[in-house]
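Peer 1: As input, take run_30.cif (mmCIF, C-alpha atoms and all ligand atoms):
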```cif
data_structure
#
loop_
_atom_site.label_atom_id
_atom_site.label_comp_id
_atom_site.auth_asym_id
_atom_site.auth_seq_id
_atom_site.Cartn_x
_atom_site.Cartn_y
_atom_site.Cartn_z
CA MET R 382 75.74 81.77 59.14
CA ILE R 383 78.13 78.95 58.22
CA VAL R 384 77.21 75.29 58.74
CA LEU R 385 79.93 72.64 58.69
CA LEU R 386 78.23 69.40 57.67
CA GLY R 387 80.15 66.31 58.78
CA ILE R 388 79.11 63.28 56.75
CA SER R 389 79.96 59.75 57.81
CA GLY R 390 79.77 56.49 55.88
CA GLY R 391 76.30 55.03 56.22
CA ILE R 392 73.73 54.53 53.50
CA ALA R 393 71.91 57.73 54.62
CA ALA R 394 74.95 59.67 53.35
CA TYR R 395 73.20 59.65 49.98
CA LYS R 396 70.91 62.37 51.42
CA ALA R 397 73.85 64.73 52.06
CA PRO R 398 73.41 66.85 48.88
CA GLU R 399 69.73 67.34 49.82
CA ILE R 400 70.77 68.43 53.32
CA VAL R 401 73.24 70.91 51.81
CA ARG R 402 70.49 72.33 49.55
CA ALA R 403 68.01 72.57 52.43
CA PHE R 404 70.50 74.66 54.44
CA GLN R 405 71.28 76.81 51.42
CA ARG R 406 67.55 77.45 50.86
CA ARG R 407 67.51 78.87 54.39
CA THR R 408 70.44 81.13 53.30
CA TYR R 409 73.07 79.31 55.37
CA GLN R 410 76.49 78.85 53.79
CA VAL R 411 77.58 75.22 53.90
CA ALA R 412 80.98 73.50 54.01
CA CYS R 413 81.32 69.69 54.18
CA ALA R 414 83.73 67.30 55.85
CA LEU R 415 83.60 63.62 54.85
CA THR R 416 84.99 60.47 56.40
CA PRO R 417 86.77 58.23 53.86
CA ASP R 418 83.78 55.84 54.02
CA ALA R 419 81.30 58.68 53.40
CA ALA R 420 83.16 59.49 50.20
CA ARG R 421 82.26 55.99 48.98
CA PHE R 422 78.53 56.62 49.51
CA VAL R 423 78.27 60.18 48.21
CA SER R 424 80.37 61.92 45.59
CA PRO R 425 82.64 64.66 47.00
CA MET R 426 82.47 66.16 43.51
CA VAL R 427 78.71 66.71 43.84
CA LEU R 428 79.26 68.35 47.23
CA ARG R 429 82.11 70.50 45.82
CA THR R 430 79.80 71.73 43.09
CA LEU R 431 76.98 72.53 45.51
CA THR R 432 79.21 74.28 48.07
CA GLY R 433 81.53 76.13 45.72
CA GLY R 434 84.47 73.86 46.61
CA GLN R 435 84.00 73.91 50.40
CA VAL R 436 84.71 70.20 50.94
CA LEU R 437 87.27 68.55 53.18
CA ASP R 438 87.66 64.88 52.27
CA ASP R 439 91.38 64.24 52.34
CA LEU R 440 93.63 65.43 55.17
CA PHE R 441 96.71 64.79 53.03
CA ALA R 442 95.55 66.55 49.87
CA ALA R 443 97.94 69.20 48.48
CA GLU R 444 95.47 72.03 49.27
CA GLU R 445 95.52 70.95 52.92
CA THR R 446 98.68 73.04 53.41
CA GLY R 447 96.27 75.77 54.61
CA ILE R 448 95.24 73.45 57.49
CA GLY R 449 91.75 73.27 56.05
CA HIS R 450 90.31 71.29 58.94
CA ILE R 451 91.18 74.05 61.40
CA THR R 452 89.93 76.80 59.07
CA PHE R 453 86.65 74.98 58.45
CA ALA R 454 86.13 74.33 62.15
CA ASP R 455 87.03 77.92 63.09
CA ARG R 456 84.71 79.53 60.58
CA ALA R 457 81.68 77.36 61.35
CA ASP R 458 78.81 78.80 63.42
CA VAL R 459 77.49 75.28 63.93
CA MET R 460 78.76 71.77 63.11
CA VAL R 461 76.15 69.22 62.08
CA VAL R 462 77.09 65.54 61.83
CA ALA R 463 74.52 63.84 59.57
CA PRO R 464 74.40 60.98 59.19
CA ALA R 465 76.43 59.92 62.23
CA THR R 466 77.20 56.19 62.11
CA ALA R 467 77.90 54.09 65.20
CA GLN R 468 81.60 54.21 64.25
CA THR R 469 81.68 58.01 63.93
CA ILE R 470 79.73 58.46 67.17
CA ALA R 471 82.38 56.34 68.91
CA ARG R 472 85.17 58.44 67.37
CA LEU R 473 83.52 61.70 68.42
CA ALA R 474 82.82 60.46 71.94
CA HIS R 475 86.41 59.29 72.46
CA GLY R 476 88.33 62.15 70.90
CA PHE R 477 89.65 60.46 67.78
CA ALA R 478 91.04 62.83 65.16
CA ASP R 479 92.25 60.68 62.30
CA GLU R 480 89.85 61.70 59.53
CA PRO R 481 88.11 64.97 58.47
CA VAL R 482 84.85 64.63 60.49
CA SER R 483 86.26 63.72 63.91
CA LEU R 484 89.21 66.07 63.43
CA SER R 485 86.90 69.02 62.63
CA PHE R 486 84.63 68.03 65.53
CA LEU R 487 87.56 68.20 67.91
CA ALA R 488 88.88 71.46 66.46
CA ALA R 489 85.47 73.21 66.51
CA THR R 490 84.29 75.40 69.36
CA CYS R 491 80.84 76.19 67.90
CA PRO R 492 77.69 74.27 68.95
CA ARG R 493 77.65 70.72 67.59
CA ILE R 494 74.55 68.71 66.71
CA ILE R 495 74.61 65.02 65.84
CA PHE R 496 72.02 63.03 63.86
CA PRO R 497 72.66 59.29 64.32
CA ALA R 498 71.42 56.92 61.59
CA MET R 499 71.96 53.16 61.66
CA ASN R 500 70.28 49.77 61.99
CA SER R 501 67.82 49.60 64.96
CA ASN R 502 69.77 46.90 66.82
CA MET R 503 73.01 48.82 66.50
CA TRP R 504 71.30 52.01 67.78
CA GLN R 505 69.97 50.21 70.84
CA GLN R 506 73.30 48.55 71.79
CA ALA R 507 74.92 49.67 75.04
CA PRO R 508 78.19 50.96 73.49
CA VAL R 509 76.29 53.26 71.11
CA GLN R 510 73.90 54.48 73.84
CA GLN R 511 76.82 55.08 76.22
CA ASN R 512 78.71 57.05 73.57
CA VAL R 513 75.58 59.12 72.89
CA ALA R 514 75.19 59.77 76.62
CA LEU R 515 78.86 60.85 76.79
CA LEU R 516 78.38 63.33 73.94
CA ARG R 517 75.23 64.75 75.58
CA GLU R 518 77.03 65.06 78.94
CA ARG R 519 79.64 67.20 77.19
CA GLY R 520 76.92 69.58 76.05
CA HIS R 521 76.55 68.39 72.45
CA THR R 522 73.07 67.89 71.03
CA VAL R 523 72.21 64.40 69.81
CA ILE R 524 68.86 64.05 68.04
CA ASP R 525 67.31 60.57 68.32
CA PRO R 526 66.82 58.96 64.90
CA ASP R 527 63.34 58.63 63.38
CA SER R 528 61.54 55.31 63.42
CA GLY R 529 60.45 53.66 60.20
CA GLU R 530 61.59 51.50 57.34
CA LEU R 531 65.39 51.26 57.21
CA ALA R 532 67.62 50.67 54.20
CA CYS R 533 68.74 47.35 55.74
CA GLY R 534 65.16 46.03 55.52
CA TRP R 535 64.38 46.45 59.22
CA THR R 536 61.66 48.63 60.66
CA GLY R 537 62.43 50.55 63.83
CA PRO R 538 64.47 53.48 65.15
CA GLY R 539 67.51 54.39 63.04
CA ARG R 540 66.31 56.58 60.16
CA LEU R 541 67.97 59.89 59.45
CA PRO R 542 65.32 62.67 59.78
CA ASP R 543 64.44 64.33 56.48
CA PRO R 544 66.61 67.31 55.43
CA GLU R 545 63.97 69.93 56.28
CA ARG R 546 63.68 68.60 59.82
CA ILE R 547 67.48 68.57 60.21
CA VAL R 548 67.53 72.24 59.21
CA ARG R 549 64.67 73.03 61.63
CA GLU R 550 66.44 71.29 64.54
CA VAL R 551 69.65 73.20 63.81
CA ALA R 552 67.79 76.53 63.51
CA ALA R 553 66.02 75.81 66.82
CA LEU R 554 69.33 75.00 68.53
CA LEU R 555 70.88 78.24 67.29
CA ALA R 556 67.74 80.23 68.16
CA GLY R 557 67.82 79.02 71.77
CA SER R 558 71.05 80.91 72.26
CA GLY R 559 69.86 83.78 70.05
CA ARG R 560 69.77 87.44 71.01
CA LEU R 561 66.01 87.76 70.55
CA SER R 562 65.20 84.58 72.43
CA GLY R 563 61.79 84.93 74.11
CA ARG R 564 60.95 88.18 72.22
CA ARG R 565 57.95 88.75 69.97
CA VAL R 566 58.55 90.40 66.63
CA LEU R 567 55.75 91.56 64.29
CA ILE R 568 56.76 92.31 60.69
CA THR R 569 54.82 93.61 57.70
CA ALA R 570 56.11 92.75 54.23
CA GLY R 571 55.32 92.93 50.54
CA PRO R 572 52.98 95.17 48.59
CA THR R 573 49.28 95.77 49.13
CA ARG R 574 46.64 95.72 46.41
CA GLU R 575 43.96 98.39 46.30
CA PHE R 576 41.19 97.18 44.01
CA ILE R 577 39.43 99.56 41.65
CA ASP R 578 37.04 96.85 40.44
CA PRO R 579 37.17 93.04 40.75
CA VAL R 580 39.95 92.75 38.12
CA ARG R 581 42.09 95.89 38.51
CA PHE R 582 44.16 97.23 41.35
CA LEU R 583 46.74 99.85 42.36
CA SER R 584 49.97 98.38 43.72
CA ASN R 585 53.79 98.67 43.63
CA PRO R 586 56.77 96.47 42.67
CA SER R 587 57.61 95.23 46.19
CA THR R 588 58.28 91.46 46.28
CA GLY R 589 58.50 91.16 50.07
CA LYS R 590 62.09 89.82 49.93
CA MET R 591 63.46 92.19 52.58
CA GLY R 592 60.58 91.60 55.02
CA PHE R 593 60.81 87.83 54.56
CA ALA R 594 64.59 87.91 55.09
CA LEU R 595 64.04 89.91 58.29
CA ALA R 596 61.46 87.36 59.47
CA GLU R 597 64.00 84.55 58.94
CA ALA R 598 66.80 86.43 60.65
CA ALA R 599 64.56 87.31 63.63
CA ARG R 600 63.46 83.67 63.88
CA ASP R 601 67.09 82.51 63.73
CA ALA R 602 67.85 84.96 66.55
CA GLY R 603 65.26 83.15 68.66
CA ALA R 604 62.26 85.47 68.29
CA GLN R 605 58.65 84.38 67.96
CA VAL R 606 57.81 85.98 64.63
CA VAL R 607 54.48 86.97 63.07
CA LEU R 608 54.75 88.03 59.42
CA VAL R 609 51.77 89.92 57.98
CA HIS R 610 52.33 90.01 54.25
CA GLY R 611 50.63 91.23 51.12
CA PRO R 612 50.43 89.23 47.87
CA VAL R 613 53.87 87.73 47.15
CA THR R 614 55.14 84.68 45.29
CA MET R 615 57.47 83.41 48.07
CA SER R 616 56.38 80.82 50.63
CA PRO R 617 56.59 82.01 54.22
CA PRO R 618 59.69 80.86 56.12
CA ASP R 619 59.37 77.77 58.32
CA GLY R 620 58.83 78.48 61.97
CA VAL R 621 57.24 81.88 61.34
CA GLU R 622 53.51 82.56 61.74
CA ALA R 623 52.41 84.03 58.43
CA VAL R 624 49.20 86.04 57.93
CA ALA R 625 48.36 86.71 54.27
CA VAL R 626 46.43 89.90 53.50
CA VAL R 627 45.55 91.85 50.36
CA SER R 628 44.80 95.51 50.99
CA ALA R 629 46.27 98.18 53.27
CA GLU R 630 43.07 98.06 55.30
CA ASP R 631 43.38 94.26 55.78
CA MET R 632 47.04 94.67 56.75
CA SER R 633 46.14 97.39 59.23
CA ALA R 634 43.40 95.20 60.79
CA ALA R 635 45.72 92.16 61.06
CA VAL R 636 48.44 94.26 62.72
CA GLU R 637 45.99 95.97 65.07
CA ARG R 638 44.72 92.58 66.26
CA ARG R 639 48.29 91.58 67.24
CA ILE R 640 49.06 94.90 68.89
CA LEU R 641 45.96 94.67 71.09
CA GLU R 642 46.75 91.15 72.32
CA ASP R 643 47.52 90.67 76.01
CA GLU R 644 51.18 90.23 75.19
CA PRO R 645 51.92 92.74 72.42
CA PRO R 646 55.11 92.45 70.35
CA ASP R 647 58.45 93.76 71.65
CA VAL R 648 59.36 94.89 68.14
CA PHE R 649 57.35 96.07 65.13
CA ILE R 650 59.10 96.28 61.75
CA GLY R 651 57.14 97.98 58.96
CA ALA R 652 58.87 96.51 55.90
CA ALA R 653 55.72 96.46 53.75
CA ALA R 654 55.30 98.86 50.85
CA VAL R 655 51.80 99.83 51.95
CA ALA R 656 49.79 101.75 49.37
CA ASP R 657 49.27 105.29 50.67
CA TYR R 658 46.03 105.69 48.73
CA THR R 659 43.11 103.45 47.87
CA PRO R 660 40.14 104.02 45.55
CA ALA R 661 37.39 105.83 47.46
CA ASP R 662 34.80 103.50 45.91
CA ARG R 663 35.42 100.01 44.64
CA SER R 664 33.17 99.08 41.75
CA PRO R 665 31.46 95.76 42.53
CA SER R 666 31.39 94.87 38.81
CA LYS R 667 34.09 95.11 36.15
CA LEU R 668 34.34 98.58 34.65
CA LYS R 669 33.94 98.43 30.88
CA LYS R 670 36.42 100.39 28.80
CA ASP R 671 33.73 102.36 26.98
CA GLN R 672 32.29 103.55 30.31
CA PRO R 673 33.71 107.08 30.70
CA LEU R 674 36.38 107.18 33.46
CA ASP R 675 38.32 110.44 33.72
CA ALA R 676 39.61 110.02 37.24
CA ILE R 677 39.70 107.51 40.09
CA PRO R 678 38.91 109.30 43.36
CA LEU R 679 41.35 108.15 46.04
CA GLN R 680 41.46 108.30 49.80
CA ARG R 681 44.35 107.84 52.26
CA THR R 682 44.97 104.44 53.81
CA PRO R 683 45.72 104.09 57.53
CA ASP R 684 49.42 104.63 58.31
CA ILE R 685 50.04 101.30 60.04
CA LEU R 686 53.52 102.10 61.34
CA ALA R 687 52.53 105.50 62.75
CA THR R 688 49.47 103.95 64.42
CA VAL R 689 51.52 101.15 66.05
CA SER R 690 54.11 103.64 67.25
CA ALA R 691 51.45 106.05 68.63
CA SER R 692 49.70 103.19 70.48
CA GLY R 693 52.65 103.05 72.90
CA ARG R 694 52.20 99.25 73.15
CA VAL R 695 55.36 98.28 71.21
CA PRO R 696 58.65 99.46 72.74
CA VAL R 697 60.74 99.30 69.54
CA CYS R 698 59.17 100.44 66.23
CA ILE R 699 61.20 100.33 63.03
CA GLY R 700 60.32 101.75 59.62
CA PHE R 701 61.64 101.69 56.09
CA ALA R 702 62.16 104.67 53.84
CA ALA R 703 62.56 104.10 50.12
CA GLU R 704 63.67 107.42 48.67
CA THR R 705 64.82 108.67 45.28
CA ASN R 706 66.65 111.69 46.75
CA ASP R 707 67.82 113.22 50.06
CA VAL R 708 67.75 109.70 51.50
CA ILE R 709 69.17 110.49 54.96
CA ASP R 710 67.24 113.75 55.49
CA ASN R 711 63.96 112.13 54.49
CA ALA R 712 64.70 109.15 56.75
CA ARG R 713 65.42 111.48 59.71
CA GLU R 714 62.16 113.30 59.10
CA LYS R 715 60.26 109.96 59.04
CA LEU R 716 62.04 108.83 62.24
CA SER R 717 60.81 111.82 64.20
CA ARG R 718 57.38 112.18 62.52
CA LYS R 719 56.47 108.54 63.28
CA GLY R 720 58.32 108.28 66.63
CA LEU R 721 60.59 105.42 65.56
CA ALA R 722 63.72 103.85 67.08
CA LEU R 723 65.28 103.21 63.66
CA VAL R 724 64.62 103.88 59.99
CA ILE R 725 66.17 101.63 57.35
CA ALA R 726 66.64 103.90 54.39
CA ASN R 727 67.58 103.08 50.85
CA GLN R 728 67.76 104.74 47.51
CA VAL R 729 65.24 103.50 44.98
CA GLY R 730 65.14 104.15 41.28
CA THR R 731 68.65 102.73 40.65
CA ALA R 732 69.08 99.72 38.35
CA ASP R 733 70.55 97.08 40.68
CA ALA R 734 69.22 97.51 44.22
CA GLY R 735 65.97 98.03 46.08
CA PHE R 736 62.61 96.66 44.94
CA ALA R 737 62.69 93.04 43.69
CA HIS R 738 66.49 92.71 43.85
CA ASP R 739 68.38 90.18 45.96
CA HIS R 740 70.88 92.82 47.03
CA ASN R 741 70.50 96.23 48.58
CA GLU R 742 72.48 99.06 50.13
CA VAL R 743 70.91 100.62 53.20
CA HIS R 744 71.50 103.24 55.87
CA LEU R 745 70.44 102.61 59.46
CA VAL R 746 69.21 105.99 60.69
CA SER R 747 68.56 106.50 64.38
CA LYS R 748 68.29 109.64 66.53
CA ASP R 749 72.03 109.84 67.17
CA SER R 750 73.65 108.04 64.27
CA VAL R 751 73.67 106.99 60.65
CA VAL R 752 75.31 103.65 59.87
CA SER R 753 75.74 102.96 56.16
CA LEU R 754 75.93 99.25 55.34
CA PRO R 755 77.77 98.27 52.17
CA ARG R 756 75.89 96.55 49.35
CA ALA R 757 75.04 93.00 50.45
CA SER R 758 72.47 90.27 49.97
CA LYS R 759 69.13 90.92 51.65
CA ALA R 760 69.74 87.85 53.85
CA ASP R 761 73.06 89.27 55.11
CA LEU R 762 71.58 92.75 55.57
CA ALA R 763 68.67 91.23 57.49
CA ARG R 764 71.07 89.56 59.95
CA THR R 765 72.92 92.83 60.55
CA ILE R 766 69.66 94.75 60.95
CA ILE R 767 68.30 92.16 63.41
CA SER R 768 71.48 92.41 65.46
CA THR R 769 71.08 96.23 65.59
CA ILE R 770 67.45 95.75 66.62
CA ALA R 771 68.57 93.33 69.36
CA ASP R 772 70.81 96.15 70.72
CA LEU R 773 67.81 98.51 70.73
CA VAL R 774 65.68 95.92 72.56
CA ASP R 775 68.44 95.41 75.16
CA ASN R 776 68.61 99.19 75.71
CA VAL R 777 64.85 99.46 76.27
CA ALA R 778 64.74 96.48 78.65
N1 LIG A 801 53.83 102.48 56.19
C1 LIG A 801 52.77 101.94 56.85
N2 LIG A 801 51.49 102.23 56.47
C2 LIG A 801 51.24 103.04 55.43
C3 LIG A 801 52.33 103.58 54.73
C4 LIG A 801 53.61 103.30 55.13
O1 LIG A 801 53.00 101.18 57.80
N3 LIG A 801 49.99 103.29 55.08
C5 LIG A 801 55.21 102.20 56.62
C6 LIG A 801 56.03 101.39 55.66
O2 LIG A 801 55.94 100.02 55.95
C7 LIG A 801 57.44 101.93 55.88
C8 LIG A 801 57.20 103.39 56.22
O3 LIG A 801 55.86 103.44 56.74
O4 LIG A 801 58.05 101.35 57.01
C9 LIG A 801 57.32 104.26 55.02
O5 LIG A 801 56.90 105.53 55.40
P1 LIG A 801 56.02 106.47 54.47
O6 LIG A 801 55.95 107.75 55.19
O7 LIG A 801 54.70 105.95 54.12
O8 LIG A 801 56.87 106.46 53.21
P2 LIG A 801 56.42 107.00 51.87
O9 LIG A 801 55.17 106.31 51.38
O10 LIG A 801 57.61 106.88 51.00
O11 LIG A 801 56.03 108.45 52.31
P3 LIG A 801 56.43 109.82 51.66
O12 LIG A 801 55.70 109.85 50.38
O13 LIG A 801 55.90 110.79 52.68
O14 LIG A 801 57.91 109.82 51.57
#
```
Would you write the structure of this file as structure tokens?
Peer 2:
Amino acid sequence: MIVLLGISGGIAAYKAPEIVRAFQRRTYQVACALTPDAARFVSPMVLRTLTGGQVLDDLFAAEETGIGHITFADRADVMVVAPATAQTIARLAHGFADEPVSLSFLAATCPRIIFPAMNSNMWQQAPVQQNVALLRERGHTVIDPDSGELACGWTGPGRLPDPERIVREVAALLAGSGRLSGRRVLITAGPTREFIDPVRFLSNPSTGKMGFALAEAARDAGAQVVLVHGPVTMSPPDGVEAVAVVSAEDMSAAVERRILEDEPPDVFIGAAAVADYTPADRSPSKLKKDQPLDAIPLQRTPDILATVSASGRVPVCIGFAAETNDVIDNAREKLSRKGLALVIANQVGTADAGFAHDHNEVHLVSKDSVVSLPRASKADLARTIISTIADLVDNVA
């Protein structure tokens, strides 16, 4: 997902690098366009460093021979103008195209979202309000500024919302037109811990990265997402309902509760690395090392994915298969044994993909096909997987 951030020349432009970072934390790629005045408030060099050189600040620069403004505008999935000054709002409303922000705005066909920021009196003046109304009439989104203390010393409406809120508003705008809009998606992620005594447990190296990336991608596609996750170090994504659990049994109970609700999920994705076995008895006190312990008796944990699928309450059930060998055959076997619409299979045991890595290489195995996705970041894979899942949901509906 590529965001083109148009920055205009008001004092709030100093927040632009923070806005870029906030989008990047949500795994968006960011390019920037600056008005000449914006470049006096915020250093294009800082933005170049943060975006890997994706900055358009001079229409007559030598590198502009590639018609950068058109390329930027074409590639963008959304254009965000923040801050938008009264002057820039007027330019956008009246079709000016004499500097990078208004030119990109005019060349873009993606959704555009504008965050005005200025002195309260300026914001309330008729010309500004009329220009805002004109932009809204044309289908662009204009977010009213926050109220509060302004850089000019006034208190009132005119503040640029904080970067996290800007990102949330943009994500919500994109989600509204998303392919899973109105759908419920339940995801399990991360490892489980099966305690032997209060200080020792059986677990696995899962970090939850893939499940969390899927939760973000499903949310960005407009779904209402519940993420039931085992112990992980990541914070849950914004806009996703997170339920933290510890053991396979807890995870199973949390999932069952959601499945039995009046409106069960449309999609279940079992991305968790659920422990298959748990100690048959958990010692209530710490086992001492000189206490003889030859074996730890184990018992099977509930198979959460198989139970959800067998309940018949979730139309599209998706599983993961982490295999060291015969990846596709094992995935096919899992697909039919658990009655799934799709298995996402990957090879584990290699040095640079799978558990705990940011990248992975997976195969999407369904009844009739195997689609092998090239090695990519988990965020990119998650978007592709969610789009495949959206196809499956459309076919069921
Ligand atoms: N799964 C689950 N509950 C369990 C075990 C696994 O929901 N108790 C889910 C995982 O989230 C994953 C899929 O089932 O989506 C993995 O299938 P599984 O058959 O458990 O894989 P393995 O543990 O690798 O099984 P096997 O040893 O048979 O290959």
Peer 1: Write out as a VMD selection string each polymer residue (protein, DNA or RNA) that has an atom no more than 6 Å from ligand LIG 801 (chain A), with only C-alpha atoms and all ligand atoms counted.
Peer 2: chain R and resid 651 to 657 682 to 686 700 to 703
Peer 1: Closest to Leu484 in chain R among R:Cys533, R:Ala442, R:Leu431, R:Ala414, using all atoms listed in the file?
Peer 2: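 The shortest atom-to-atom distance to Leu484 in chain R comes from R:Ala414.
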Peer 1: Report, in Å with one decimal, the straight-line distance from CA of Arg681 in chain R to CA of Glu575 in chain R.
Peer 2: 11.2 Å
Peer 1: What is the distance between CA of Ala498 in chain R and CA of Ala393 in chain R, in Å to one decimal?
Peer 2: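 Interatomic distance, CA of Ala498 in chain R to CA of Ala393 in chain R: 7.0 Å.
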Peer 1: May I ask for the distance between CA of Glu622 in chain R and CA of Met591 in chain R, given in Å to one decimal place?
Peer 2: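 Straight-line distance from CA of Glu622 in chain R to CA of Met591 in chain R works out to 16.6 Å.
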Peer 1: Find the spatial neighbours of range 667-678 of chain R, counting all atoms listed in the file, within a cut-off of 12 Å - ignore same-chain residues fewer than 4 positions away - and output them as a VMD selection string.
Peer 2: chain R and resid 575 to 583 658 to 663
Peer 1: Taking the partial coordinates given, rebuild range 627-646 of chain R to contain N, CA and C atoms; return it as an mmCIF file, in the frame of the given file.
Peer 2:
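Output contents, as saved in rebuild.cif:
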```cif
data_model
loop_
_atom_site.group_PDB
_atom_site.id
_atom_site.type_symbol
_atom_site.label_atom_id
_atom_site.label_comp_id
_atom_site.auth_asym_id
_atom_site.auth_seq_id
_atom_site.Cartn_x
_atom_site.Cartn_y
_atom_site.Cartn_z
ATOM 1 N N VAL R 627 45.542 91.286 51.704
ATOM 2 C CA VAL R 627 45.550 91.850 50.360
ATOM 3 C C VAL R 627 45.709 93.379 50.388
ATOM 4 N N SER R 628 44.808 94.041 51.062
ATOM 5 C CA SER R 628 44.800 95.510 50.990
ATOM 6 C C SER R 628 45.464 96.133 52.216
ATOM 7 N N ALA R 629 45.698 97.445 52.136
ATOM 8 C CA ALA R 629 46.270 98.180 53.270
ATOM 9 C C ALA R 629 45.330 98.083 54.475
ATOM 10 N N GLU R 630 44.035 98.133 54.196
ATOM 11 C CA GLU R 630 43.070 98.060 55.300
ATOM 12 C C GLU R 630 43.143 96.689 55.987
ATOM 13 N N ASP R 631 43.246 95.611 55.177
ATOM 14 C CA ASP R 631 43.380 94.260 55.780
ATOM 15 C C ASP R 631 44.651 94.185 56.621
ATOM 16 N N MET R 632 45.742 94.743 56.058
ATOM 17 C CA MET R 632 47.040 94.670 56.750
ATOM 18 C C MET R 632 46.934 95.407 58.088
ATOM 19 N N SER R 633 46.290 96.590 58.028
ATOM 20 C CA SER R 633 46.140 97.390 59.230
ATOM 21 C C SER R 633 45.329 96.619 60.286
ATOM 22 N N ALA R 634 44.246 95.946 59.837
ATOM 23 C CA ALA R 634 43.400 95.200 60.790
ATOM 24 C C ALA R 634 44.175 94.044 61.401
ATOM 25 N N ALA R 635 44.962 93.324 60.559
ATOM 26 C CA ALA R 635 45.720 92.160 61.060
ATOM 27 C C ALA R 635 46.768 92.614 62.076
ATOM 28 N N VAL R 636 47.408 93.749 61.801
ATOM 29 C CA VAL R 636 48.440 94.260 62.720
ATOM 30 C C VAL R 636 47.777 94.729 64.017
ATOM 31 N N GLU R 637 46.660 95.440 63.874
ATOM 32 C CA GLU R 637 45.990 95.970 65.070
ATOM 33 C C GLU R 637 45.606 94.837 66.026
ATOM 34 N N ARG R 638 45.128 93.731 65.431
ATOM 35 C CA ARG R 638 44.720 92.580 66.260
ATOM 36 C C ARG R 638 45.912 92.107 67.113
ATOM 37 N N ARG R 639 47.113 92.052 66.499
ATOM 38 C CA ARG R 639 48.290 91.580 67.240
ATOM 39 C C ARG R 639 48.740 92.584 68.303
ATOM 40 N N ILE R 640 48.596 93.855 67.964
ATOM 41 C CA ILE R 640 49.060 94.900 68.890
ATOM 42 C C ILE R 640 48.193 94.919 70.145
ATOM 43 N N LEU R 641 46.883 94.587 69.961
ATOM 44 C CA LEU R 641 45.960 94.670 71.090
ATOM 45 C C LEU R 641 45.950 93.404 71.942
ATOM 46 N N GLU R 642 46.718 92.378 71.526
ATOM 47 C CA GLU R 642 46.750 91.150 72.320
ATOM 48 C C GLU R 642 47.322 91.420 73.706
ATOM 49 N N ASP R 643 47.051 90.476 74.625
ATOM 50 C CA ASP R 643 47.520 90.670 76.010
ATOM 51 C C ASP R 643 49.028 90.862 76.063
ATOM 52 N N GLU R 644 49.729 90.062 75.221
ATOM 53 C CA GLU R 644 51.180 90.230 75.190
ATOM 54 C C GLU R 644 51.567 90.809 73.835
ATOM 55 N N PRO R 645 51.602 92.139 73.724
ATOM 56 C CA PRO R 645 51.920 92.740 72.420
ATOM 57 C C PRO R 645 53.380 92.485 72.037
ATOM 58 N N PRO R 646 53.728 92.712 70.773
ATOM 59 C CA PRO R 646 55.110 92.450 70.350
ATOM 60 C C PRO R 646 56.115 93.374 71.050
#
```
